[in-house]
>>> print(open('model.tsv').read())   # TSV, C-alpha atoms
chain	number	residue	atom	x	y	z
A	145	MET	CA	103.70	139.21	64.40
A	146	SER	CA	105.97	140.16	67.25
A	147	ASN	CA	106.13	136.57	68.54
A	148	ILE	CA	107.94	135.25	65.46
A	149	GLN	CA	111.11	133.34	66.27
A	150	SER	CA	112.80	132.04	63.17
A	151	SER	CA	116.34	131.74	61.88
A	152	ALA	CA	115.07	131.95	58.30
A	153	GLU	CA	115.90	135.11	56.37
A	154	PHE	CA	113.25	136.85	54.29
A	155	LYS	CA	113.56	139.37	51.48
A	156	ASP	CA	112.09	142.76	52.21
A	157	TYR	CA	108.65	143.29	50.70
A	158	GLY	CA	106.86	146.56	50.39
A	159	GLN	CA	103.59	147.12	48.56
A	160	GLN	CA	104.66	150.72	47.92
A	161	GLN	CA	108.21	149.88	46.84
A	162	ILE	CA	109.50	151.81	43.85
A	163	LEU	CA	110.50	149.75	40.83
A	164	LEU	CA	112.32	150.72	37.66
A	165	LEU	CA	109.37	149.69	35.45
A	166	PRO	CA	106.62	150.28	36.41
A	167	PRO	CA	107.42	153.07	38.86
A	168	SER	CA	105.08	151.65	41.50
A	169	LEU	CA	102.91	148.55	41.96
A	170	GLU	CA	100.19	150.88	43.21
A	171	GLU	CA	99.92	152.43	39.74
A	172	LEU	CA	99.05	149.07	38.19
A	173	ILE	CA	96.11	148.32	40.48
A	174	GLU	CA	92.87	150.25	40.25
A	175	PRO	CA	91.78	151.89	43.53
A	176	ASN	CA	88.69	149.68	43.93
A	177	HIS	CA	90.18	146.42	42.64
A	178	LEU	CA	89.40	143.27	44.65
A	179	VAL	CA	93.10	142.51	45.07
A	180	ARG	CA	93.32	145.42	47.52
A	181	VAL	CA	90.84	143.63	49.82
A	182	VAL	CA	92.82	140.40	49.49
A	183	ASN	CA	96.01	142.31	50.33
A	184	GLN	CA	94.40	143.75	53.49
A	185	VAL	CA	93.24	140.29	54.59
A	186	VAL	CA	96.68	138.75	54.02
A	187	ASP	CA	98.37	141.62	55.88
A	188	SER	CA	96.04	141.12	58.85
A	189	MET	CA	96.62	137.35	59.12
A	190	ASP	CA	98.73	135.97	61.95
A	191	VAL	CA	101.28	133.78	60.15
A	192	SER	CA	103.69	133.55	63.09
A	193	GLY	CA	102.93	129.83	63.56
A	194	LEU	CA	103.89	129.12	59.95
A	195	ILE	CA	107.03	131.24	60.11
A	196	ASN	CA	108.13	129.69	63.41
A	197	GLN	CA	107.94	126.21	61.82
A	198	TYR	CA	109.70	127.25	58.60
A	199	LYS	CA	113.27	125.92	58.54
A	200	GLY	CA	114.49	128.16	55.75
A	201	GLY	CA	116.37	127.26	52.63
A	202	ALA	CA	119.17	128.30	50.35
A	203	GLN	CA	117.43	131.53	49.33
A	204	ARG	CA	115.67	134.22	51.24
A	205	HIS	CA	111.92	134.25	50.63
A	206	ILE	CA	109.27	136.94	50.50
A	207	ILE	CA	106.41	136.83	52.99
A	208	PRO	CA	103.90	139.60	52.31
A	209	GLY	CA	103.29	141.80	55.31
A	210	CYS	CA	106.15	140.29	57.24
A	211	CYS	CA	108.93	142.83	56.92
>>> encode(input="model.tsv", output="structure tokens")
Amino acid sequence: MSNIQSSAEFKDYGQQQILLLPPSLEELIEPNHLVRVVNQVVDSMDVSGLINQYKGGAQRHIIPGCC
């Protein structure tokens, strides 16, 4: 996604981010759960066209795999 040109601000998102409760999102998802495949597909998608058209808003938004 190196060709993204947007003035919109996004919140940081990390699948492995540490949370207060539960300690990690990874601990909630079984190793062979289908959501892991969905996550890989979403992370591999080129969403630069969508982000380039996004005007932004009052709040920063989360785009998985973006930041």
>>> atom_distance(input="model.tsv", atom1="CA of Lys155 (chain A)", atom2="CA of Val185 (chain A)")
20.6 Å
>>> atom_distance(input="model.tsv", atom1="CA of Tyr198 (chain A)", atom2="CA of Ala152 (chain A)")
7.1 Å
>>> closest_residue(input="model.tsv", among="A:Val179, A:Ile173, A:Ile162, A:Ile148", to="Val191 (chain A)", atoms="only C-alpha atoms")
A:Ile148
>>> atom_distance(input="model.tsv", atom1="CA of Phe154 (chain A)", atom2="CA of Val181 (chain A)")
23.8 Å
>>> decode(input="model.tsv", residues="region 165-181 of chain A", atoms="N, CA and C atoms", output="PDB file, in the first residue's frame")
ATOM      1  N   LEU A 165      -7.404  -6.474  29.128  1.00  0.00           N
ATOM      2  CA  LEU A 165      -8.185  -7.714  29.213  1.00  0.00           C
ATOM      3  C   LEU A 165      -8.817  -7.968  27.872  1.00  0.00           C
ATOM      4  N   PRO A 166      -8.639  -8.994  27.219  1.00  0.00           N
ATOM      5  CA  PRO A 166      -7.668 -10.062  27.463  1.00  0.00           C
ATOM      6  C   PRO A 166      -6.264  -9.592  27.125  1.00  0.00           C
ATOM      7  N   PRO A 167      -5.248 -10.307  27.570  1.00  0.00           N
ATOM      8  CA  PRO A 167      -3.875  -9.881  27.309  1.00  0.00           C
ATOM      9  C   PRO A 167      -3.543  -9.753  25.819  1.00  0.00           C
ATOM     10  N   SER A 168      -4.139 -10.574  24.992  1.00  0.00           N
ATOM     11  CA  SER A 168      -3.830 -10.539  23.567  1.00  0.00           C
ATOM     12  C   SER A 168      -5.029 -11.068  22.772  1.00  0.00           C
ATOM     13  N   LEU A 169      -5.311 -10.454  21.619  1.00  0.00           N
ATOM     14  CA  LEU A 169      -6.371 -10.958  20.756  1.00  0.00           C
ATOM     15  C   LEU A 169      -6.034 -12.348  20.245  1.00  0.00           C
ATOM     16  N   GLU A 170      -4.760 -12.629  20.082  1.00  0.00           N
ATOM     17  CA  GLU A 170      -4.318 -13.938  19.611  1.00  0.00           C
ATOM     18  C   GLU A 170      -4.775 -15.057  20.543  1.00  0.00           C
ATOM     19  N   GLU A 171      -4.862 -14.768  21.831  1.00  0.00           N
ATOM     20  CA  GLU A 171      -5.255 -15.802  22.797  1.00  0.00           C
ATOM     21  C   GLU A 171      -6.726 -16.169  22.682  1.00  0.00           C
ATOM     22  N   LEU A 172      -7.534 -15.303  22.105  1.00  0.00           N
ATOM     23  CA  LEU A 172      -8.963 -15.563  21.988  1.00  0.00           C
ATOM     24  C   LEU A 172      -9.320 -16.397  20.765  1.00  0.00           C
ATOM     25  N   ILE A 173      -8.431 -16.466  19.801  1.00  0.00           N
ATOM     26  CA  ILE A 173      -8.724 -17.126  18.528  1.00  0.00           C
ATOM     27  C   ILE A 173      -7.923 -18.417  18.435  1.00  0.00           C
ATOM     28  N   GLU A 174      -8.636 -19.501  18.187  1.00  0.00           N
ATOM     29  CA  GLU A 174      -7.971 -20.797  18.059  1.00  0.00           C
ATOM     30  C   GLU A 174      -7.023 -20.780  16.857  1.00  0.00           C
ATOM     31  N   PRO A 175      -5.939 -21.535  16.927  1.00  0.00           N
ATOM     32  CA  PRO A 175      -4.936 -21.517  15.852  1.00  0.00           C
ATOM     33  C   PRO A 175      -5.484 -21.846  14.465  1.00  0.00           C
ATOM     34  N   ASN A 176      -6.471 -22.716  14.368  1.00  0.00           N
ATOM     35  CA  ASN A 176      -6.990 -23.122  13.059  1.00  0.00           C
ATOM     36  C   ASN A 176      -8.351 -22.506  12.748  1.00  0.00           C
ATOM     37  N   HIS A 177      -8.700 -21.443  13.424  1.00  0.00           N
ATOM     38  CA  HIS A 177     -10.013 -20.811  13.217  1.00  0.00           C
ATOM     39  C   HIS A 177     -10.055 -20.123  11.847  1.00  0.00           C
ATOM     40  N   LEU A 178     -11.224 -20.164  11.210  1.00  0.00           N
ATOM     41  CA  LEU A 178     -11.400 -19.572   9.883  1.00  0.00           C
ATOM     42  C   LEU A 178     -11.095 -18.069   9.853  1.00  0.00           C
ATOM     43  N   VAL A 179     -11.280 -17.401  10.955  1.00  0.00           N
ATOM     44  CA  VAL A 179     -11.039 -15.957  10.970  1.00  0.00           C
ATOM     45  C   VAL A 179      -9.580 -15.623  10.665  1.00  0.00           C
ATOM     46  N   ARG A 180      -8.681 -16.545  10.919  1.00  0.00           N
ATOM     47  CA  ARG A 180      -7.271 -16.311  10.594  1.00  0.00           C
ATOM     48  C   ARG A 180      -7.065 -16.266   9.082  1.00  0.00           C
ATOM     49  N   VAL A 181      -7.809 -17.075   8.332  1.00  0.00           N
ATOM     50  CA  VAL A 181      -7.744 -17.038   6.867  1.00  0.00           C
ATOM     51  C   VAL A 181      -8.316 -15.720   6.370  1.00  0.00           C
TER      52      VAL A 181
END
